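S.K.: After the structure tokens below, expect a handful of questions from me.
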Amino acid sequence: MIEKTYCEEVKPELDGQRVKLAGWVYSNMRVGKKIFLWIRDSTGIVQTVIAKNVVGEEVFEKAKKLGRESSVIVEGIVKADERAPGGAEVHVEKLEVIQAVSEFPIPENPEQASPELLLDYRHLHIRTPKVSAIMKVKETLIMAAREWLLKNGWHEVFPPILVTGAVEGGATLFKLKYFDKYAYLSQSAQLYLEAAIFGLEKVWSLTPSFRAEKSRTRRHLTEFWHLELEGAWMDLWDIMKVEEELVSYMVQRTLELRKKEIEMFRDDLTTLKNTEPPFPRISYDEAIEILQSKGVKIEWGDDMGADEERVLTEEFDRPFFVYGYPKHIKAFYMKEDPQDPRKVLAADMLAPEGYGEIIGGSEREDNYDKLVQRIIEEGMDPKDYEWYLDLRKYGSVPHSGFGLGVERLVAWVLKLDHIRWATLFPRTPARIYP
Ligand SMILES: NC(=O)C[C@H]([NH3+])C(=O)NS(=O)(=O)OC[C@H]1O[C@@H](n2cnc3c(N)ncnc32)[C@H](O)[C@@H]1O
Ligand SMILES: [Mg+2]
């Protein structure tokens, strides 16, 4: 790899020093016998100054023609200058053009382009500074999760993606040919994590999950990254505590390490700073009452979709829990509430500012017969879940877990207007290319 100085390192303190930059042209402006060439790399942007009387006629003419995203290597002397971004610029003595670009398909301000154009050229759009910032925030959230999980004794496991059964309903399965049989793309690693707790007790995984969701909403992808935890001996209240501690750590750590990137997307950091345990907890019953009091047409027993959740989040200035959902709107594996057989011991975590559900979690049905009954009630065949039911035959224990949608969390932290911007190459019902 070439010995180079990164853009973020070009500071006034380097005044007078020779540096070599390698990157891509961000903008090119000629003023008389000088060219102000802004060069971008993974860390930021530096203004370089190319003077004809320094580089000579031929190189100057070449530099004039460099369009955005031309790849270049420049060498020169750092000059402190508060007018330049970062307070310093590089006066170029040598310019090597790796590949000149005349016409880059994405406008200088990508926000002037249509979402469809940006998605068609997503392979080029991802190099723009704002998309790089989103990816840095996403990686930092996951890095923080790993820190917290390691510190708190959770074991990472690596579940399969090719599976034979539904976890979250058969309607959103992607089915594929598997030799002489059929398989599905995993909707959730949960059932495999439940198997893993009998050895490791506290397990987690970060996997892609797949949902053949036909709904075209701002918060659904057909492929998303799924951070899932499963804990033996834990009930719903235990796992909710884990969720709020984990999410708080992820958000605070990312605020600490990626404040600059976050501020490219939101001015007001209040809800992020408020993300500290304990989070508010309301029951599903209370949520229905709040929605009805705000004029939402909803009855007890109805599911809450994005619109209802958006209204509910107006009541909170931090993430909060809704717990105790009606059994008929939730998954087969959720444990019935012993206090109220109409309900299950499930809780969703909702993000404020209209974003809604970022986590789905519950206590699992740990009784063999009850689980068989729920599988049948849901119109599924217990034979398809024989291995999963074995977990209730050989030393079953109370246990709980949850799944956090990573892109949903990123979309809230950065206040993105659509979840597709939170992933490198979004997959939706209408898009699987590039
Ligand atoms: N281990 C578990 O207990 C997880 C459980 N089996 C599960 O999959 N729950 S979930 O369907 O609510 O999905 C969990 C989260 O996964 C996210 N999710 C769920 N579906 C999507 C889609 N389609 N696109 C993006 N994100 C999605 C969203 O944040 C949900 O709260
Ligand atoms: Mg859910």
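Starting from 1 in every chain, residues are counted up; chains themselves are A, B, ... following the order of the structure tokens, and ligands are numbered from 1 as listed.
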Please, which residues have at least one atom within 10 Å of an atom of ligand 2, using only C-alpha atoms and all ligand atoms, listed as a short mmCIF file (atom, residue, chain, number, x, y, z; two decimals) with all heavy atoms, in the first residue's frame?
M.R.:
data_model
loop_
_atom_site.label_atom_id
_atom_site.label_comp_id
_atom_site.auth_asym_id
_atom_site.auth_seq_id
_atom_site.Cartn_x
_atom_site.Cartn_y
_atom_site.Cartn_z
N GLU A 168 -41.45 -16.37 12.00
CA GLU A 168 -42.36 -15.21 12.05
C GLU A 168 -43.45 -15.32 10.98
O GLU A 168 -43.77 -14.35 10.32
CB GLU A 168 -41.55 -13.93 11.88
CG GLU A 168 -40.54 -13.69 12.98
CD GLU A 168 -41.16 -13.63 14.39
OE1 GLU A 168 -42.33 -13.18 14.51
OE2 GLU A 168 -40.46 -14.03 15.34
N GLY A 305 -49.64 -0.80 13.70
CA GLY A 305 -48.71 -0.69 12.57
C GLY A 305 -47.88 0.57 12.69
O GLY A 305 -47.92 1.27 13.71
N LYS A 330 -49.56 -12.21 17.92
CA LYS A 330 -48.13 -12.46 18.12
C LYS A 330 -47.74 -13.90 17.73
O LYS A 330 -48.60 -14.72 17.43
CB LYS A 330 -47.76 -12.16 19.57
CG LYS A 330 -47.67 -10.65 19.87
CD LYS A 330 -46.52 -9.99 19.11
CE LYS A 330 -46.33 -8.54 19.46
NZ LYS A 330 -45.24 -7.90 18.71
N ALA A 331 -46.45 -14.20 17.74
CA ALA A 331 -45.93 -15.47 17.19
C ALA A 331 -46.19 -16.66 18.12
O ALA A 331 -46.37 -16.50 19.32
CB ALA A 331 -44.44 -15.32 16.91
N ALA A 346 -44.81 -10.65 25.82
CA ALA A 346 -44.02 -10.08 24.72
C ALA A 346 -43.86 -8.60 24.96
O ALA A 346 -44.73 -7.96 25.57
CB ALA A 346 -44.73 -10.31 23.38
N ALA A 347 -42.76 -8.05 24.46
CA ALA A 347 -42.55 -6.60 24.55
C ALA A 347 -41.80 -6.14 23.31
O ALA A 347 -40.86 -6.80 22.86
CB ALA A 347 -41.72 -6.26 25.79
N ASP A 348 -42.28 -5.04 22.76
CA ASP A 348 -41.54 -4.38 21.67
C ASP A 348 -40.88 -3.14 22.24
O ASP A 348 -41.43 -2.50 23.15
CB ASP A 348 -42.49 -3.97 20.54
CG ASP A 348 -42.84 -5.16 19.65
OD1 ASP A 348 -42.36 -6.28 19.94
OD2 ASP A 348 -43.59 -4.96 18.67
N MET A 349 -39.71 -2.79 21.71
CA MET A 349 -39.09 -1.52 22.04
C MET A 349 -39.36 -0.58 20.87
O MET A 349 -39.09 -0.95 19.71
CB MET A 349 -37.58 -1.64 22.27
CG MET A 349 -36.94 -0.32 22.70
SD MET A 349 -35.13 -0.37 22.69
CE MET A 349 -34.81 -1.47 24.07
N GLU A 357 -41.18 0.55 16.15
CA GLU A 357 -40.52 -0.70 16.56
C GLU A 357 -39.09 -0.84 16.06
O GLU A 357 -38.84 -0.79 14.88
CB GLU A 357 -41.34 -1.89 16.08
CG GLU A 357 -40.75 -3.24 16.50
CD GLU A 357 -41.47 -4.44 15.90
OE1 GLU A 357 -42.57 -4.27 15.36
OE2 GLU A 357 -40.89 -5.54 15.93
N ILE A 358 -38.17 -1.04 17.02
CA ILE A 358 -36.80 -1.40 16.65
C ILE A 358 -36.45 -2.77 17.22
O ILE A 358 -35.52 -3.42 16.76
CB ILE A 358 -35.76 -0.36 17.13
CG1 ILE A 358 -35.86 -0.10 18.64
CG2 ILE A 358 -35.88 0.96 16.36
CD1 ILE A 358 -34.77 0.83 19.18
N ILE A 359 -37.18 -3.20 18.26
CA ILE A 359 -36.94 -4.53 18.85
C ILE A 359 -38.25 -5.27 19.05
O ILE A 359 -39.23 -4.67 19.50
CB ILE A 359 -36.23 -4.41 20.22
CG1 ILE A 359 -34.78 -3.95 20.05
CG2 ILE A 359 -36.26 -5.74 20.97
CD1 ILE A 359 -33.99 -3.87 21.35
N GLY A 360 -38.23 -6.57 18.73
CA GLY A 360 -39.33 -7.47 19.09
C GLY A 360 -38.77 -8.54 20.01
O GLY A 360 -37.73 -9.12 19.67
N GLY A 361 -39.40 -8.76 21.13
CA GLY A 361 -38.88 -9.75 22.05
C GLY A 361 -39.98 -10.39 22.87
O GLY A 361 -41.12 -9.93 22.87
N PHE A 402 -34.73 -11.60 22.21
CA PHE A 402 -35.24 -10.53 21.35
C PHE A 402 -34.40 -10.37 20.10
O PHE A 402 -33.27 -10.88 20.02
CB PHE A 402 -35.27 -9.19 22.11
CG PHE A 402 -33.91 -8.66 22.48
CD1 PHE A 402 -33.21 -7.79 21.64
CD2 PHE A 402 -33.30 -9.04 23.67
CE1 PHE A 402 -31.95 -7.31 21.99
CE2 PHE A 402 -32.03 -8.56 24.02
CZ PHE A 402 -31.37 -7.69 23.18
N GLY A 403 -35.01 -9.64 19.15
CA GLY A 403 -34.29 -9.31 17.91
C GLY A 403 -34.33 -7.82 17.68
O GLY A 403 -35.40 -7.20 17.76
N LEU A 404 -33.16 -7.23 17.44
CA LEU A 404 -33.06 -5.80 17.14
C LEU A 404 -32.78 -5.63 15.66
O LEU A 404 -31.84 -6.24 15.13
CB LEU A 404 -31.92 -5.18 17.97
CG LEU A 404 -31.64 -3.70 17.77
CD1 LEU A 404 -31.05 -3.09 19.05
CD2 LEU A 404 -30.67 -3.42 16.62
N GLY A 405 -33.57 -4.84 14.99
CA GLY A 405 -33.33 -4.55 13.58
C GLY A 405 -32.26 -3.47 13.48
O GLY A 405 -32.51 -2.31 13.85
#
S.K.: Could you give me, as a PyMOL selection string, every polymer residue with an atom at most 8 Å away from an atom of ligand 1, counting only C-alpha atoms and all ligand atoms?
M.R.: chain A and resi 167-168+187-191+193+209-213+219-230+348-349+357-362+400-409+419
S.K.: Neighbours of segment 267-280 of chain A within 7 Å (only C-alpha atoms; same-chain residues fewer than 4 positions away dropped), as a list in words?
M.R.: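 Listed by chain and then number, they are Glu244, Glu245, Ser248, Val251, Glu263, Asp317, Arg318, Pro319, Phe320 and Phe321 of chain A.
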S.K.: Contacts of segment 43-52 of chain A at 7 Å or less, counting only C-alpha atoms, minus same-chain residues fewer than 2 places along, as JSON, numbers by chain?
M.R.: {"A": [6, 7, 8, 33, 34, 35, 36, 37, 38, 39, 40, 41, 54, 55, 56, 57, 60, 84, 85, 89, 90, 91, 92]}
S.K.: Now that the selection is made, can you save its residues with C-alpha atoms as a PDB file, in the first residue's frame?
M.R.:
ATOM      1  CA  TYR A   6      -5.109  10.777   5.216  1.00  0.00           C
ATOM      2  CA  CYS A   7      -7.206  13.889   4.640  1.00  0.00           C
ATOM      3  CA  GLU A   8      -8.204  14.167   8.308  1.00  0.00           C
ATOM      4  CA  LYS A  33      -3.653  30.444 -12.964  1.00  0.00           C
ATOM      5  CA  LYS A  34      -4.688  28.339  -9.943  1.00  0.00           C
ATOM      6  CA  ILE A  35      -6.900  25.260  -9.541  1.00  0.00           C
ATOM      7  CA  PHE A  36      -8.543  24.528  -6.195  1.00  0.00           C
ATOM      8  CA  LEU A  37      -8.891  20.756  -6.280  1.00  0.00           C
ATOM      9  CA  TRP A  38     -10.751  19.238  -3.311  1.00  0.00           C
ATOM     10  CA  ILE A  39      -9.692  15.666  -2.748  1.00  0.00           C
ATOM     11  CA  ARG A  40     -11.777  13.156  -0.826  1.00  0.00           C
ATOM     12  CA  ASP A  41     -10.698   9.961   0.922  1.00  0.00           C
ATOM     13  CA  VAL A  54       4.580  25.220 -10.064  1.00  0.00           C
ATOM     14  CA  VAL A  55       3.307  22.158 -11.945  1.00  0.00           C
ATOM     15  CA  GLY A  56       3.818  23.464 -15.474  1.00  0.00           C
ATOM     16  CA  GLU A  57       1.485  23.906 -18.465  1.00  0.00           C
ATOM     17  CA  PHE A  60      -2.118  22.180 -15.247  1.00  0.00           C
ATOM     18  CA  ALA A  84      -9.508  25.984   3.794  1.00  0.00           C
ATOM     19  CA  PRO A  85     -11.646  23.141   5.244  1.00  0.00           C
ATOM     20  CA  GLU A  89      -4.435  23.095   2.421  1.00  0.00           C
ATOM     21  CA  VAL A  90      -1.811  21.350   0.304  1.00  0.00           C
ATOM     22  CA  HIS A  91       0.168  23.260  -2.291  1.00  0.00           C
ATOM     23  CA  VAL A  92       0.708  20.650  -4.987  1.00  0.00           C
TER      24      VAL A  92
END
S.K.: Taking only segment 190-241 of chain A into account, list the residues labelled helix (DSSP H, G or I) by DSSP (computed from the backbone), as number ranges by chain.
M.R.: A: 190-200, 236-241
S.K.: For each of A:Glu96, A:Glu314, A:Asp302, A:Asp337, take the minimum atom-to-atom distance to Gly354 of chain A, counting only C-alpha atoms, then give the residue where this is smallest.
M.R.: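 With only C-alpha atoms as the atom set, the closest residue is A:Glu314.
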S.K.: For each of A:Ile298, A:Ala80, A:Leu119, A:Leu149, take the minimum atom-to-atom distance to Val242 of chain A, counting only C-alpha atoms, then give the residue where this is smallest.
M.R.: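 Selected residue with least distance to Val242 of chain A: A:Leu149.
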S.K.: Of the candidates A:Tyr178, A:Tyr121, A:Trp237, A:Tyr385, which shows the shortest atom-to-atom distance to Pro434 of chain A, using only C-alpha atoms?
M.R.: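 Nearest candidate to Pro434 of chain A out of A:Tyr178, A:Tyr121, A:Trp237, A:Tyr385: A:Tyr121.
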S.K.: Run DSSP on the backbone and grab whatever in segment 97-207 of chain A lands in strand (DSSP E); send it over as a PyMOL selection string.
M.R.: chain A and resi 97-99+155-156+162-163+175-178+181-185+202-207
S.K.: Pull N, CA, C and O atoms from the residues just selected and write them as a PDB file, in the first residue's frame.
M.R.:
ATOM      1  N   VAL A  97      -2.368  11.311 -12.164  1.00  0.00           N
ATOM      2  CA  VAL A  97      -3.783  10.963 -12.410  1.00  0.00           C
ATOM      3  C   VAL A  97      -3.864   9.452 -12.579  1.00  0.00           C
ATOM      4  O   VAL A  97      -3.270   8.887 -13.497  1.00  0.00           O
ATOM      5  N   ILE A  98      -4.598   8.784 -11.677  1.00  0.00           N
ATOM      6  CA  ILE A  98      -4.754   7.321 -11.781  1.00  0.00           C
ATOM      7  C   ILE A  98      -5.826   7.028 -12.825  1.00  0.00           C
ATOM      8  O   ILE A  98      -5.655   6.243 -13.733  1.00  0.00           O
ATOM      9  N   GLN A  99      -7.006   7.650 -12.667  1.00  0.00           N
ATOM     10  CA  GLN A  99      -8.012   7.536 -13.712  1.00  0.00           C
ATOM     11  C   GLN A  99      -8.841   8.815 -13.772  1.00  0.00           C
ATOM     12  O   GLN A  99      -9.460   9.182 -12.784  1.00  0.00           O
ATOM     13  N   HIS A 155     -22.305 -14.935  24.716  1.00  0.00           N
ATOM     14  CA  HIS A 155     -21.475 -15.672  23.756  1.00  0.00           C
ATOM     15  C   HIS A 155     -22.014 -15.504  22.341  1.00  0.00           C
ATOM     16  O   HIS A 155     -23.208 -15.754  22.097  1.00  0.00           O
ATOM     17  N   GLU A 156     -21.131 -15.139  21.408  1.00  0.00           N
ATOM     18  CA  GLU A 156     -21.555 -15.050  20.003  1.00  0.00           C
ATOM     19  C   GLU A 156     -21.601 -16.441  19.395  1.00  0.00           C
ATOM     20  O   GLU A 156     -20.661 -17.227  19.554  1.00  0.00           O
ATOM     21  N   LEU A 162     -29.748 -21.043   5.975  1.00  0.00           N
ATOM     22  CA  LEU A 162     -30.598 -21.984   5.224  1.00  0.00           C
ATOM     23  C   LEU A 162     -31.350 -22.819   6.257  1.00  0.00           C
ATOM     24  O   LEU A 162     -30.746 -23.564   7.034  1.00  0.00           O
ATOM     25  N   VAL A 163     -32.677 -22.686   6.299  1.00  0.00           N
ATOM     26  CA  VAL A 163     -33.442 -23.335   7.358  1.00  0.00           C
ATOM     27  C   VAL A 163     -34.656 -24.057   6.776  1.00  0.00           C
ATOM     28  O   VAL A 163     -34.953 -23.925   5.583  1.00  0.00           O
ATOM     29  N   LYS A 175     -38.569 -19.044  -0.249  1.00  0.00           N
ATOM     30  CA  LYS A 175     -38.356 -20.489  -0.417  1.00  0.00           C
ATOM     31  C   LYS A 175     -37.356 -20.701  -1.549  1.00  0.00           C
ATOM     32  O   LYS A 175     -37.387 -19.985  -2.549  1.00  0.00           O
ATOM     33  N   LEU A 176     -36.454 -21.681  -1.358  1.00  0.00           N
ATOM     34  CA  LEU A 176     -35.509 -21.962  -2.458  1.00  0.00           C
ATOM     35  C   LEU A 176     -35.301 -23.468  -2.575  1.00  0.00           C
ATOM     36  O   LEU A 176     -35.493 -24.229  -1.620  1.00  0.00           O
ATOM     37  N   LYS A 177     -34.897 -23.850  -3.770  1.00  0.00           N
ATOM     38  CA  LYS A 177     -34.623 -25.270  -4.042  1.00  0.00           C
ATOM     39  C   LYS A 177     -33.372 -25.656  -3.264  1.00  0.00           C
ATOM     40  O   LYS A 177     -32.383 -24.922  -3.278  1.00  0.00           O
ATOM     41  N   TYR A 178     -33.428 -26.791  -2.559  1.00  0.00           N
ATOM     42  CA  TYR A 178     -32.252 -27.267  -1.824  1.00  0.00           C
ATOM     43  C   TYR A 178     -32.039 -28.732  -2.213  1.00  0.00           C
ATOM     44  O   TYR A 178     -32.630 -29.632  -1.606  1.00  0.00           O
ATOM     45  N   LYS A 181     -34.835 -31.164  -2.133  1.00  0.00           N
ATOM     46  CA  LYS A 181     -35.827 -30.673  -1.156  1.00  0.00           C
ATOM     47  C   LYS A 181     -36.014 -29.159  -1.346  1.00  0.00           C
ATOM     48  O   LYS A 181     -35.576 -28.579  -2.333  1.00  0.00           O
ATOM     49  N   TYR A 182     -36.674 -28.549  -0.373  1.00  0.00           N
ATOM     50  CA  TYR A 182     -36.808 -27.095  -0.336  1.00  0.00           C
ATOM     51  C   TYR A 182     -36.265 -26.579   0.985  1.00  0.00           C
ATOM     52  O   TYR A 182     -36.248 -27.310   1.985  1.00  0.00           O
ATOM     53  N   ALA A 183     -35.825 -25.349   0.975  1.00  0.00           N
ATOM     54  CA  ALA A 183     -35.352 -24.690   2.208  1.00  0.00           C
ATOM     55  C   ALA A 183     -35.865 -23.252   2.173  1.00  0.00           C
ATOM     56  O   ALA A 183     -36.477 -22.814   1.197  1.00  0.00           O
ATOM     57  N   TYR A 184     -35.610 -22.552   3.284  1.00  0.00           N
ATOM     58  CA  TYR A 184     -36.019 -21.136   3.355  1.00  0.00           C
ATOM     59  C   TYR A 184     -34.813 -20.308   3.791  1.00  0.00           C
ATOM     60  O   TYR A 184     -33.902 -20.824   4.446  1.00  0.00           O
ATOM     61  N   LEU A 185     -34.861 -19.035   3.446  1.00  0.00           N
ATOM     62  CA  LEU A 185     -33.873 -18.095   3.996  1.00  0.00           C
ATOM     63  C   LEU A 185     -34.364 -17.682   5.381  1.00  0.00           C
ATOM     64  O   LEU A 185     -35.540 -17.362   5.553  1.00  0.00           O
ATOM     65  N   LYS A 202     -26.190 -17.698  27.717  1.00  0.00           N
ATOM     66  CA  LYS A 202     -26.456 -16.333  27.212  1.00  0.00           C
ATOM     67  C   LYS A 202     -25.767 -16.219  25.853  1.00  0.00           C
ATOM     68  O   LYS A 202     -24.554 -16.207  25.765  1.00  0.00           O
ATOM     69  N   VAL A 203     -26.587 -16.199  24.769  1.00  0.00           N
ATOM     70  CA  VAL A 203     -26.022 -16.242  23.421  1.00  0.00           C
ATOM     71  C   VAL A 203     -26.564 -15.098  22.572  1.00  0.00           C
ATOM     72  O   VAL A 203     -27.644 -14.562  22.847  1.00  0.00           O
ATOM     73  N   TRP A 204     -25.794 -14.753  21.565  1.00  0.00           N
ATOM     74  CA  TRP A 204     -26.251 -13.729  20.630  1.00  0.00           C
ATOM     75  C   TRP A 204     -25.711 -14.018  19.249  1.00  0.00           C
ATOM     76  O   TRP A 204     -24.741 -14.769  19.076  1.00  0.00           O
ATOM     77  N   SER A 205     -26.334 -13.429  18.239  1.00  0.00           N
ATOM     78  CA  SER A 205     -25.857 -13.573  16.867  1.00  0.00           C
ATOM     79  C   SER A 205     -26.202 -12.309  16.097  1.00  0.00           C
ATOM     80  O   SER A 205     -27.130 -11.577  16.452  1.00  0.00           O
ATOM     81  N   LEU A 206     -25.408 -12.046  15.066  1.00  0.00           N
ATOM     82  CA  LEU A 206     -25.699 -10.948  14.133  1.00  0.00           C
ATOM     83  C   LEU A 206     -25.746 -11.585  12.742  1.00  0.00           C
ATOM     84  O   LEU A 206     -24.727 -12.049  12.233  1.00  0.00           O
ATOM     85  N   THR A 207     -26.929 -11.673  12.193  1.00  0.00           N
ATOM     86  CA  THR A 207     -27.089 -12.376  10.917  1.00  0.00           C
ATOM     87  C   THR A 207     -27.996 -11.568   9.992  1.00  0.00           C
ATOM     88  O   THR A 207     -28.788 -10.743  10.458  1.00  0.00           O
TER      89      THR A 207
END
S.K.: Quick one: residues within 7 Å of segment 17-27 of chain A, only C-alpha atoms counted, chain neighbours fewer than 2 positions away excluded, as a PyMOL selection string?
M.R.: chain A and resi 4-6+14-15+29+37-41+67-78
S.K.: For those residues, write C-alpha atoms to a file as a short mmCIF file (atom, residue, chain, number, x, y, z; two decimals), in the first residue's frame.
M.R.:
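Produced file part-v1.cif, reproduced below:
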data_model
loop_
_atom_site.label_atom_id
_atom_site.label_comp_id
_atom_site.auth_asym_id
_atom_site.auth_seq_id
_atom_site.Cartn_x
_atom_site.Cartn_y
_atom_site.Cartn_z
CA LYS A 4 0.01 8.31 2.29
CA THR A 5 -1.38 10.98 4.60
CA TYR A 6 -5.11 10.78 5.22
CA LEU A 14 1.61 20.12 9.69
CA ASP A 15 2.37 23.56 8.16
CA MET A 29 -12.52 25.02 -9.39
CA LEU A 37 -8.89 20.76 -6.28
CA TRP A 38 -10.75 19.24 -3.31
CA ILE A 39 -9.69 15.67 -2.75
CA ARG A 40 -11.78 13.16 -0.83
CA ASP A 41 -10.70 9.96 0.92
CA GLY A 67 -14.05 15.61 -13.16
CA ARG A 68 -15.55 14.48 -9.86
CA GLU A 69 -14.36 11.06 -8.66
CA SER A 70 -11.19 11.09 -10.81
CA SER A 71 -8.65 9.08 -8.82
CA VAL A 72 -5.42 10.93 -8.10
CA ILE A 73 -2.25 10.94 -6.03
CA VAL A 74 -0.82 14.34 -5.16
CA GLU A 75 2.32 15.39 -3.33
CA GLY A 76 2.90 18.85 -1.91
CA ILE A 77 3.48 21.11 1.07
CA VAL A 78 0.91 21.75 3.81
#
S.K.: Would you mind telling me which residue in A:Ser283, A:Thr217, A:Ser42, A:Ser293 lies nearest to Asp307 of chain A when using only C-alpha atoms?
M.R.: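 Under the stated criterion, the closest residue is A:Thr217.
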S.K.: May I ask which of the residues A:Phe179, A:Tyr192, A:Lys62, A:Thr423 is the closest one to Val137 of chain A, counting only C-alpha atoms?
M.R.: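 Distance minimum relative to Val137 of chain A lands on A:Thr423.
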S.K.: My list of candidates is A:Lys260, A:Arg420, A:Lys335, A:Lys79. Which is closest to Ile432 of chain A when distances are computed with only C-alpha atoms?
M.R.: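 Checking each of A:Lys260, A:Arg420, A:Lys335, A:Lys79 against Ile432 of chain A, counting only C-alpha atoms, the winner is A:Arg420.
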S.K.: Give me, as a ChimeraX atom specification, all polymer residues having an atom no more than 8 Å from His123 of chain A, counting only C-alpha atoms and skipping those fewer than 3 positions away in the same chain.
M.R.: /A:126-127,425,434
